[in-house]
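Structure file entry-v7.txt with compact mmCIF, C-alpha atoms:
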```txt
# COMPACT_ATOMS: atom_id res chain seq x y z
CA MET J 1 -217.93 -66.39 -11.14
CA ASN J 2 -221.23 -67.22 -12.87
CA ILE J 3 -224.13 -64.83 -13.46
CA GLU J 4 -226.28 -66.32 -10.69
CA ASP J 5 -223.53 -65.79 -8.11
CA ARG J 6 -222.97 -62.20 -9.24
CA VAL J 7 -226.68 -61.31 -9.07
CA ALA J 8 -227.06 -63.00 -5.67
CA ARG J 9 -224.10 -61.06 -4.29
CA ALA J 10 -225.45 -57.76 -5.60
CA LEU J 11 -228.90 -58.41 -4.14
CA ALA J 12 -227.51 -59.50 -0.80
CA SER J 13 -225.34 -56.41 -0.62
CA GLU J 14 -228.31 -54.13 -1.34
CA ALA J 15 -230.46 -55.92 1.23
CA GLU J 16 -227.84 -55.37 3.90
CA ARG J 17 -227.57 -51.69 2.97
CA ILE J 18 -231.31 -50.96 3.37
CA ASP J 19 -232.75 -50.78 6.91
CA VAL J 20 -236.57 -50.78 6.90
CA ASP J 21 -238.37 -49.41 10.00
CA VAL J 22 -241.56 -51.46 9.94
CA GLU J 23 -243.38 -49.47 12.64
CA GLU J 24 -242.61 -46.16 10.92
CA LEU J 25 -243.70 -47.64 7.61
CA ARG J 26 -247.02 -48.71 9.15
CA ALA J 27 -247.55 -45.27 10.68
CA ARG J 28 -246.80 -43.49 7.41
CA THR J 29 -249.12 -45.84 5.56
CA GLY J 30 -251.87 -45.07 8.08
CA ASP J 31 -251.34 -41.35 7.60
CA ARG J 32 -251.61 -41.73 3.85
CA LEU J 33 -254.82 -43.72 4.21
CA THR J 34 -256.28 -41.03 6.47
CA ALA J 35 -255.25 -38.31 4.05
CA ALA J 36 -256.94 -40.26 1.29
CA ARG J 37 -260.11 -40.38 3.49
CA VAL J 38 -260.50 -44.11 3.48
CA ALA J 39 -263.93 -44.89 4.99
CA GLU J 40 -263.91 -45.82 8.64
CA GLY J 41 -266.09 -48.75 7.79
CA ALA J 42 -263.52 -50.24 5.49
CA PRO J 43 -262.80 -53.89 6.17
CA VAL J 44 -260.32 -54.43 8.96
CA ARG J 45 -257.21 -56.21 7.71
CA PRO J 46 -254.63 -57.97 9.84
CA ALA J 47 -251.32 -56.25 10.55
CA ARG J 48 -248.78 -56.88 7.79
CA GLY J 49 -245.52 -55.70 9.24
CA PRO J 50 -243.45 -58.66 8.01
CA LEU J 51 -245.17 -58.55 4.64
CA LEU J 52 -244.44 -54.84 4.24
CA LEU J 53 -240.82 -55.49 5.12
CA ALA J 54 -240.61 -58.20 2.51
CA VAL J 55 -242.28 -56.04 -0.12
CA ALA J 56 -240.06 -53.04 0.61
CA ALA J 57 -236.93 -55.17 0.51
CA SER J 58 -237.99 -56.94 -2.68
CA VAL J 59 -238.70 -53.62 -4.41
CA ALA J 60 -235.29 -52.29 -3.40
CA LEU J 61 -233.57 -55.49 -4.48
CA ALA J 62 -235.41 -55.52 -7.77
CA ALA J 63 -234.20 -51.99 -8.40
CA ALA J 64 -230.67 -53.03 -7.52
CA ALA J 65 -230.94 -55.99 -9.87
CA ALA J 66 -232.20 -53.75 -12.66
CA VAL J 67 -229.26 -51.38 -12.18
CA PHE J 68 -226.81 -54.29 -11.99
CA LEU J 69 -228.09 -56.03 -15.10
CA GLY J 70 -228.39 -52.74 -16.94
CA THR J 71 -224.70 -51.88 -16.63
CA GLY J 72 -223.94 -54.22 -19.48
CA ASP J 73 -226.49 -53.12 -22.04
CA ARG J 74 -224.05 -54.19 -24.72
CA LEU J 75 -223.52 -57.71 -23.35
CA GLY J 76 -225.89 -58.30 -20.45
CA PRO J 77 -224.21 -58.72 -17.02
CA ALA J 78 -220.93 -56.92 -17.47
CA THR J 79 -219.32 -54.95 -14.67
CA ASP J 80 -218.42 -57.03 -11.64
CA PRO J 81 -219.67 -55.31 -8.45
CA ASP J 82 -216.54 -56.41 -6.61
CA PRO J 83 -213.47 -55.50 -8.69
CA GLY J 84 -211.26 -56.87 -5.91
CA ASP J 85 -212.14 -60.40 -6.99
CA VAL J 86 -209.25 -60.41 -9.47
CA GLU J 87 -205.98 -58.58 -8.92
CA SER J 88 -205.31 -55.68 -11.26
CA THR J 89 -201.59 -56.47 -11.68
CA PHE J 90 -199.68 -59.65 -12.45
CA SER J 91 -197.95 -61.57 -9.69
CA CYS J 92 -196.64 -64.30 -12.02
CA PRO J 93 -192.92 -63.86 -12.78
CA VAL J 94 -193.27 -63.70 -16.56
CA GLN J 95 -195.99 -62.79 -19.06
CA ARG J 96 -196.38 -63.06 -22.81
CA ASP J 97 -198.23 -61.01 -25.40
CA ILE J 98 -200.91 -62.94 -27.29
CA ASP J 99 -201.98 -62.09 -30.81
CA VAL J 100 -205.78 -62.12 -30.67
CA THR J 101 -206.32 -61.05 -34.25
CA SER J 102 -208.31 -63.49 -36.35
CA GLY J 103 -206.33 -66.48 -37.61
CA ALA J 104 -203.13 -65.80 -35.64
CA GLN J 105 -203.77 -68.59 -33.15
CA ASP J 106 -206.76 -70.36 -31.63
CA GLU J 107 -205.47 -71.51 -28.25
CA PHE J 108 -206.75 -68.35 -26.55
CA LEU J 109 -209.35 -66.21 -28.31
CA PRO J 110 -211.51 -64.48 -25.67
CA ARG J 111 -214.21 -63.22 -28.02
CA LEU J 112 -217.25 -61.62 -26.41
CA GLY J 113 -220.32 -63.12 -28.03
CA ARG J 114 -223.89 -63.15 -26.82
CA GLY J 115 -222.85 -64.85 -23.61
CA GLY J 116 -220.59 -61.94 -22.68
CA PRO J 117 -217.63 -62.15 -20.33
CA ALA J 118 -219.27 -64.83 -18.21
CA ALA J 119 -219.27 -67.16 -21.23
CA VAL J 120 -215.58 -66.43 -21.89
CA ALA J 121 -214.74 -67.17 -18.25
CA ASP J 122 -216.68 -70.42 -18.47
CA GLU J 123 -214.99 -71.41 -21.75
CA TYR J 124 -211.53 -71.04 -20.22
CA HIS J 125 -212.53 -72.42 -16.80
CA ALA J 126 -211.64 -69.18 -15.04
CA PRO J 127 -212.64 -69.36 -11.35
CA ARG J 128 -212.90 -65.55 -11.23
CA TRP J 129 -213.25 -62.69 -13.68
CA ASP J 130 -213.82 -58.96 -13.90
CA PHE J 131 -215.14 -57.00 -16.87
CA VAL J 132 -215.07 -53.19 -16.97
CA GLU J 133 -216.36 -50.90 -19.69
CA ASP J 134 -214.89 -47.43 -20.17
CA GLY J 135 -216.58 -45.68 -23.05
CA SER J 136 -215.45 -47.28 -26.28
CA ARG J 137 -212.91 -49.49 -24.46
CA ALA J 138 -213.35 -52.50 -22.20
CA THR J 139 -211.09 -54.81 -20.19
CA LEU J 140 -211.55 -58.44 -19.18
CA ARG J 141 -209.40 -59.91 -16.42
CA LEU J 142 -209.41 -63.67 -15.80
CA GLY J 143 -208.27 -64.82 -12.38
CA ASN J 144 -207.30 -67.96 -10.50
CA ASP J 145 -208.99 -69.34 -7.39
CA ASP J 146 -206.87 -67.12 -5.13
CA GLY J 147 -207.68 -64.00 -7.15
CA SER J 148 -204.28 -63.79 -8.82
CA LEU J 149 -204.38 -62.40 -12.33
CA GLY J 150 -204.06 -64.85 -15.21
CA SER J 151 -204.68 -62.63 -18.22
CA ILE J 152 -205.86 -59.20 -19.34
CA THR J 153 -207.70 -58.71 -22.63
CA THR J 154 -208.60 -55.26 -23.96
CA TYR J 155 -211.45 -54.60 -26.39
CA ARG J 156 -212.76 -51.75 -28.52
CA ALA J 157 -216.41 -51.10 -29.26
CA ALA J 158 -217.55 -52.43 -32.64
CA GLY J 159 -221.20 -51.96 -33.51
CA ASP J 160 -223.27 -53.64 -30.82
CA GLY J 161 -220.35 -55.66 -29.46
CA TRP J 162 -216.68 -55.69 -28.67
CA THR J 163 -213.60 -56.69 -30.68
CA PRO J 164 -210.46 -57.94 -28.89
CA VAL J 165 -207.47 -55.68 -29.44
CA SER J 166 -204.69 -57.16 -27.30
CA ALA J 167 -204.07 -59.73 -24.58
CA ILE J 168 -201.36 -60.44 -22.04
CA ALA J 169 -201.21 -63.72 -20.12
CA CYS J 170 -199.02 -65.41 -17.52
CA GLY J 171 -196.39 -67.77 -18.90
CA SER J 172 -193.89 -67.72 -21.72
CA SER J 173 -193.20 -69.35 -25.05
CA ASP J 174 -190.26 -71.20 -23.52
CA THR J 175 -192.26 -73.66 -21.43
CA PRO J 176 -195.82 -74.42 -20.33
CA GLY J 177 -194.57 -75.18 -16.82
CA VAL J 178 -195.22 -72.89 -13.87
CA PRO J 179 -191.85 -71.83 -12.38
CA THR J 180 -190.80 -73.75 -9.28
CA ARG J 181 -187.95 -73.35 -6.83
CA ASP J 182 -186.09 -76.45 -8.02
CA GLU J 183 -187.50 -77.20 -11.46
CA LEU J 184 -184.88 -79.84 -12.37
CA ARG J 185 -185.85 -81.99 -9.36
CA LEU J 186 -188.45 -84.70 -9.85
CA GLY J 187 -191.05 -84.81 -7.09
CA THR J 188 -193.95 -82.65 -5.95
CA HIS J 189 -194.13 -78.96 -6.82
CA GLY J 190 -197.00 -77.49 -4.88
CA TYR J 191 -199.86 -79.80 -5.81
CA PRO J 192 -200.92 -83.22 -4.50
CA PRO J 193 -200.33 -85.68 -7.35
CA TYR J 194 -203.18 -87.33 -9.16
CA LYS J 195 -203.83 -90.90 -8.15
CA SER J 196 -202.09 -93.36 -10.42
CA SER J 197 -204.27 -95.07 -13.01
CA MET J 198 -201.76 -97.92 -13.43
CA SER J 199 -203.55 -100.76 -11.69
CA PRO J 200 -201.31 -103.59 -10.34
CA ARG J 201 -203.70 -106.03 -12.02
CA PHE J 202 -202.32 -105.03 -15.41
CA TYR J 203 -198.65 -104.47 -14.52
CA ASP J 204 -195.83 -106.51 -13.07
CA GLY J 205 -195.37 -104.39 -9.97
CA ALA J 206 -196.68 -101.33 -8.20
CA SER J 207 -196.73 -97.95 -9.91
CA VAL J 208 -194.24 -95.42 -8.53
CA PHE J 209 -194.71 -91.65 -8.53
CA LEU J 210 -192.02 -89.56 -10.26
CA ASP J 211 -193.17 -85.97 -10.64
CA ASP J 212 -196.07 -83.53 -10.51
CA ARG J 213 -196.11 -79.87 -11.49
CA ALA J 214 -198.56 -77.21 -12.63
CA VAL J 215 -198.79 -75.87 -16.16
CA TYR J 216 -200.07 -72.59 -17.51
CA ASP J 217 -203.19 -72.77 -19.60
CA TYR J 218 -203.05 -70.69 -22.77
CA SER J 219 -205.31 -68.23 -20.94
CA GLY J 220 -202.54 -67.68 -18.38
CA LEU J 221 -204.53 -69.45 -15.67
CA VAL J 222 -203.17 -72.24 -13.49
CA ILE J 223 -206.12 -74.62 -13.66
CA ARG J 224 -204.37 -77.98 -13.97
CA HIS J 225 -201.23 -79.95 -13.26
CA ARG J 226 -199.83 -83.20 -14.56
CA SER J 227 -198.40 -86.27 -12.82
CA MET J 228 -195.84 -88.92 -13.84
CA TYR J 229 -196.00 -92.58 -12.83
CA VAL J 230 -194.07 -95.67 -13.91
CA ALA J 231 -194.62 -99.41 -13.45
CA PRO J 232 -192.92 -102.57 -14.78
CA CYS J 233 -194.69 -104.20 -17.71
CA GLY J 234 -193.02 -107.43 -18.74
CA ALA J 235 -189.38 -106.83 -19.62
CA ARG J 236 -190.05 -103.12 -20.09
CA LEU J 237 -191.07 -100.15 -17.97
CA CYS J 238 -194.37 -98.43 -18.72
CA TRP J 239 -194.63 -94.68 -18.27
CA ASP J 240 -197.72 -92.43 -17.88
CA THR J 241 -197.65 -88.62 -17.89
CA GLY J 242 -200.78 -86.50 -17.62
CA ARG J 243 -204.12 -86.37 -15.84
CA PRO J 244 -206.88 -88.92 -15.25
CA THR J 245 -208.67 -87.64 -18.37
CA SER J 246 -205.64 -87.13 -20.61
CA MET J 247 -202.22 -88.71 -20.66
CA VAL J 248 -199.34 -89.82 -22.82
CA THR J 249 -197.88 -93.29 -22.36
CA ALA J 250 -194.66 -94.97 -23.43
CA ARG J 251 -192.45 -97.99 -22.75
CA LEU J 252 -188.74 -97.96 -22.02
CA ARG J 253 -186.67 -100.57 -23.78
CA ALA J 254 -185.07 -103.24 -21.62
CA ASP J 255 -182.59 -104.60 -24.16
CA VAL J 256 -180.19 -101.66 -23.69
CA PRO J 257 -179.97 -101.37 -19.89
CA THR J 258 -176.61 -99.63 -19.90
CA ILE J 259 -177.53 -96.90 -22.39
CA ALA J 260 -179.74 -93.95 -21.51
CA GLN J 261 -182.96 -93.32 -23.40
CA ASP J 262 -184.34 -89.88 -24.18
CA VAL J 263 -187.79 -89.50 -22.60
CA SER J 264 -188.04 -85.70 -22.88
CA SER J 265 -191.27 -86.06 -24.88
CA LEU J 266 -192.91 -87.41 -21.70
CA PHE J 267 -192.19 -84.34 -19.60
CA PHE J 268 -195.33 -82.46 -20.73
CA GLU J 269 -198.53 -83.44 -22.46
CA PRO J 270 -198.47 -82.71 -26.22
CA ASP J 271 -201.47 -80.36 -26.00
CA ASP J 272 -199.49 -78.09 -23.69
CA LEU J 273 -196.68 -77.75 -26.23
CA VAL J 274 -198.67 -76.23 -29.09
CA GLY J 275 -196.74 -73.08 -29.95
CA ARG J 276 -194.44 -73.67 -26.98
CA ALA J 277 -191.10 -75.35 -26.41
CA ASN J 278 -189.99 -77.95 -23.90
CA PRO J 279 -186.76 -76.71 -22.30
CA PHE J 280 -186.31 -79.83 -20.20
CA GLY J 281 -184.20 -82.76 -21.27
CA MET J 282 -185.08 -85.98 -19.46
CA TRP J 283 -183.10 -89.21 -19.79
CA ALA J 284 -183.74 -92.56 -18.17
CA VAL J 285 -182.24 -96.02 -17.75
CA TRP J 286 -184.44 -98.96 -16.78
CA ASP J 287 -182.20 -101.44 -14.98
CA PRO J 288 -184.03 -104.70 -14.21
CA ASP J 289 -180.94 -106.74 -13.32
CA GLY J 290 -178.65 -104.44 -11.32
CA THR J 291 -176.06 -103.66 -13.99
CA VAL J 292 -176.20 -99.86 -13.66
CA ARG J 293 -174.63 -97.72 -10.94
CA ALA J 294 -175.27 -94.17 -12.10
CA LEU J 295 -176.78 -91.93 -14.76
CA ARG J 296 -175.70 -88.33 -15.25
CA ALA J 297 -175.81 -85.42 -17.66
CA GLY J 298 -172.90 -83.09 -18.40
CA LEU J 299 -173.55 -79.36 -18.82
CA GLY J 300 -171.36 -76.48 -19.85
CA GLY J 301 -168.70 -75.29 -17.44
CA GLY J 302 -168.11 -78.77 -16.08
CA VAL J 303 -171.45 -78.96 -14.26
CA VAL J 304 -172.78 -82.52 -13.88
CA ARG J 305 -176.37 -83.42 -13.06
CA GLN J 306 -176.81 -86.69 -11.15
CA SER J 307 -179.87 -88.89 -11.59
CA GLN J 308 -182.60 -89.72 -9.11
CA THR J 309 -183.49 -93.36 -8.53
CA PHE J 310 -186.92 -94.94 -8.22
CA THR J 311 -187.86 -98.46 -7.17
CA ASP J 312 -190.38 -100.49 -5.20
CA PRO J 313 -190.19 -103.84 -3.37
CA SER J 314 -192.61 -105.28 -5.92
CA TRP J 315 -190.05 -104.53 -8.65
CA ARG J 316 -187.81 -107.38 -7.44
CA GLY J 317 -184.63 -105.35 -7.38
CA ALA J 318 -185.20 -103.39 -10.60
CA VAL J 319 -184.33 -99.69 -10.50
CA LEU J 320 -185.20 -96.70 -12.68
CA TYR J 321 -182.60 -93.94 -13.08
CA VAL J 322 -183.82 -90.54 -14.32
CA VAL J 323 -181.89 -87.30 -14.81
CA VAL J 324 -183.38 -83.94 -15.81
CA ALA J 325 -181.27 -81.12 -17.22
CA PRO J 326 -181.66 -78.06 -19.46
CA ARG J 327 -182.00 -79.56 -22.90
CA ALA J 328 -180.16 -76.82 -24.75
CA GLY J 329 -177.26 -76.82 -22.32
CA THR J 330 -176.63 -80.56 -22.07
CA ARG J 331 -173.37 -81.71 -23.68
CA TRP J 332 -173.50 -85.44 -22.94
CA VAL J 333 -175.48 -88.15 -21.15
CA GLU J 334 -173.64 -91.00 -19.46
CA ALA J 335 -174.59 -94.29 -17.83
CA VAL J 336 -172.10 -96.06 -15.55
CA THR J 337 -172.20 -99.84 -15.31
CA ALA J 338 -171.43 -102.11 -12.36
CA ALA J 339 -168.02 -102.78 -13.93
CA GLY J 340 -167.32 -99.05 -13.79
CA LYS J 341 -167.29 -98.55 -17.54
CA PRO J 342 -169.19 -95.39 -18.60
CA VAL J 343 -171.31 -95.32 -21.74
CA ARG J 344 -171.37 -91.69 -22.87
CA ARG J 345 -173.46 -90.28 -25.73
CA ALA J 346 -174.16 -86.83 -27.17
CA PRO J 347 -177.85 -85.94 -26.60
CA GLU J 348 -178.67 -86.26 -30.29
CA ASP J 349 -177.23 -89.78 -30.31
CA VAL J 350 -179.33 -91.07 -27.43
CA THR J 351 -182.13 -93.50 -28.24
CA GLY J 352 -185.45 -91.67 -28.46
CA TYR J 353 -184.00 -88.26 -29.32
CA GLU J 354 -186.45 -85.96 -31.13
CA PRO J 355 -185.28 -82.52 -32.31
CA ASP J 356 -188.77 -81.08 -31.88
CA ASN J 357 -188.61 -81.59 -28.12
CA GLY J 358 -186.96 -78.23 -27.77
CA GLY J 359 -183.49 -79.12 -28.96
```
Would you write the structure of this file as structure tokens?
Amino acid sequence: MNIEDRVARALASEAERIDVDVEELRARTGDRLTAARVAEGAPVRPARGPLLLAVAASVALAAAAAVFLGTGDRLGPATDPDPGDVESTFSCPVQRDIDVTSGAQDEFLPRLGRGGPAAVADEYHAPRWDFVEDGSRATLRLGNDDGSLGSITTYRAAGDGWTPVSAIACGSSDTPGVPTRDELRLGTHGYPPYKSSMSPRFYDGASVFLDDRAVYDYSGLVIRHRSMYVAPCGARLCWDTGRPTSMVTARLRADVPTIAQDVSSLFFEPDDLVGRANPFGMWAVWDPDGTVRALRAGLGGGVVRQSQTFTDPSWRGAVLYVVVAPRAGTRWVEAVTAAGKPVRRAPEDVTGYEPDNGG
């Protein structure tokens, strides 16, 4: 919520609270003029009922604005007049403590400068926020569009300003992803996917949607999601993960159609993995000539994850197999050929494996 919105809401609320009786105001004004012995020959002026109403209301609203803006003498507009805008407790399933001391990290540092809490909310694209001062302590809550709480930062008074003491935000260090009911399934997870940027003019077939899911910002807010698309490009398959303004791209090899390739690094954008881990293993086989029948991942306890398949008529019979499984718990990845012969590999032996992907 920006400063203009907050002032407008405060003024509107005060205007609704005050009921001006114009006729009584005129009568009282006349009495005061009589008491002041205004000469009977004074110039006659037209009735100004509407004008008096406007003046009375503007004076009251100006007083309300002065009170509102004065509540934050340390920072300007501070206390939100409607603390219900942001929930006071977390509804997200997991939260993490954030070290806001200088130099510990710079992904989320809600420092209150001259712009105050409104500037912090703007910096982290928070749709809603609440700031409350309580003596030498203060609290800033950043909220999502629906009012759900994203983070709480506490401050202590320091000179003419505030110093952050602690912060708690939605999310965990295990993954940037927002929890979903079936997180190992590729598809939609609560958001309409971004439109594909893979134009058919530059690829050898239509782009096909794979997955979309929301991620936690380092502020704990859910302000973005990322989409996955694939499209044939020559003998390979091109892969895009991200948003219209930011994405990571890759190409799957076509010279090893019966051996899975590790594409876990494409599950999230790199910027969302700073100080976080990617718990998802993702393996794929691009099969342009129909030699593959299945792709699967073996987990502990004999559990086997089967792949999902993706294709399009413009692909001329080519098929993409993708399987997602917990990276740490995967024991093997296996592709099955048309002849029925499986090609099994340990995760660390699969083409494209990178230990830093959370393994």
- Task: Have a look at J:Leu140, J:Leu295, J:Val120, J:Ala277 and name the one nearest to J:Val322; count all atoms listed in the file.
- Result: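 That would be J:Leu295, the residue with the smallest distance to J:Val322.
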- Message: I'd like the neighbourhood of stretch 175-184 of chain J as an NGL selection string, where a residue qualifies if any of its atoms comes within 10 Å (using only C-alpha atoms), though same-chain residues fewer than 6 positions away should be ignored.
- Response: :J and (92-94 or 190 or 213-218 or 220 or 222 or 225-226 or 267-269 or 271-282 or 305 or 323-326 or 358)
- May I have the residues at most 6 Å from (-187.7, -98.5, -22.1) in the file's coordinates, counting all atoms listed in the file, as a PyMOL selection string? chain J and resi 236-237+251-254
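Taking atom CA of J:Thr330 and atom CA of J:Ser173 as endpoints, the distance between them is 20.2 Å.
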- Query: Distance atom CA of J:Asp99-atom CA of J:Tyr155, one decimal place?
  - Reply: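 If I compute the distance from atom CA of J:Asp99 to atom CA of J:Tyr155, I get 12.9 Å.
Between atom CA of J:Asp287 and atom CA of J:Val319 there is a distance of 5.3 Å.
Between J:Ser148 and the candidates J:Arg316, J:Arg296, J:Arg243, J:Arg128, the tightest atom-to-atom separation, counting all atoms listed in the file, involves J:Arg128.
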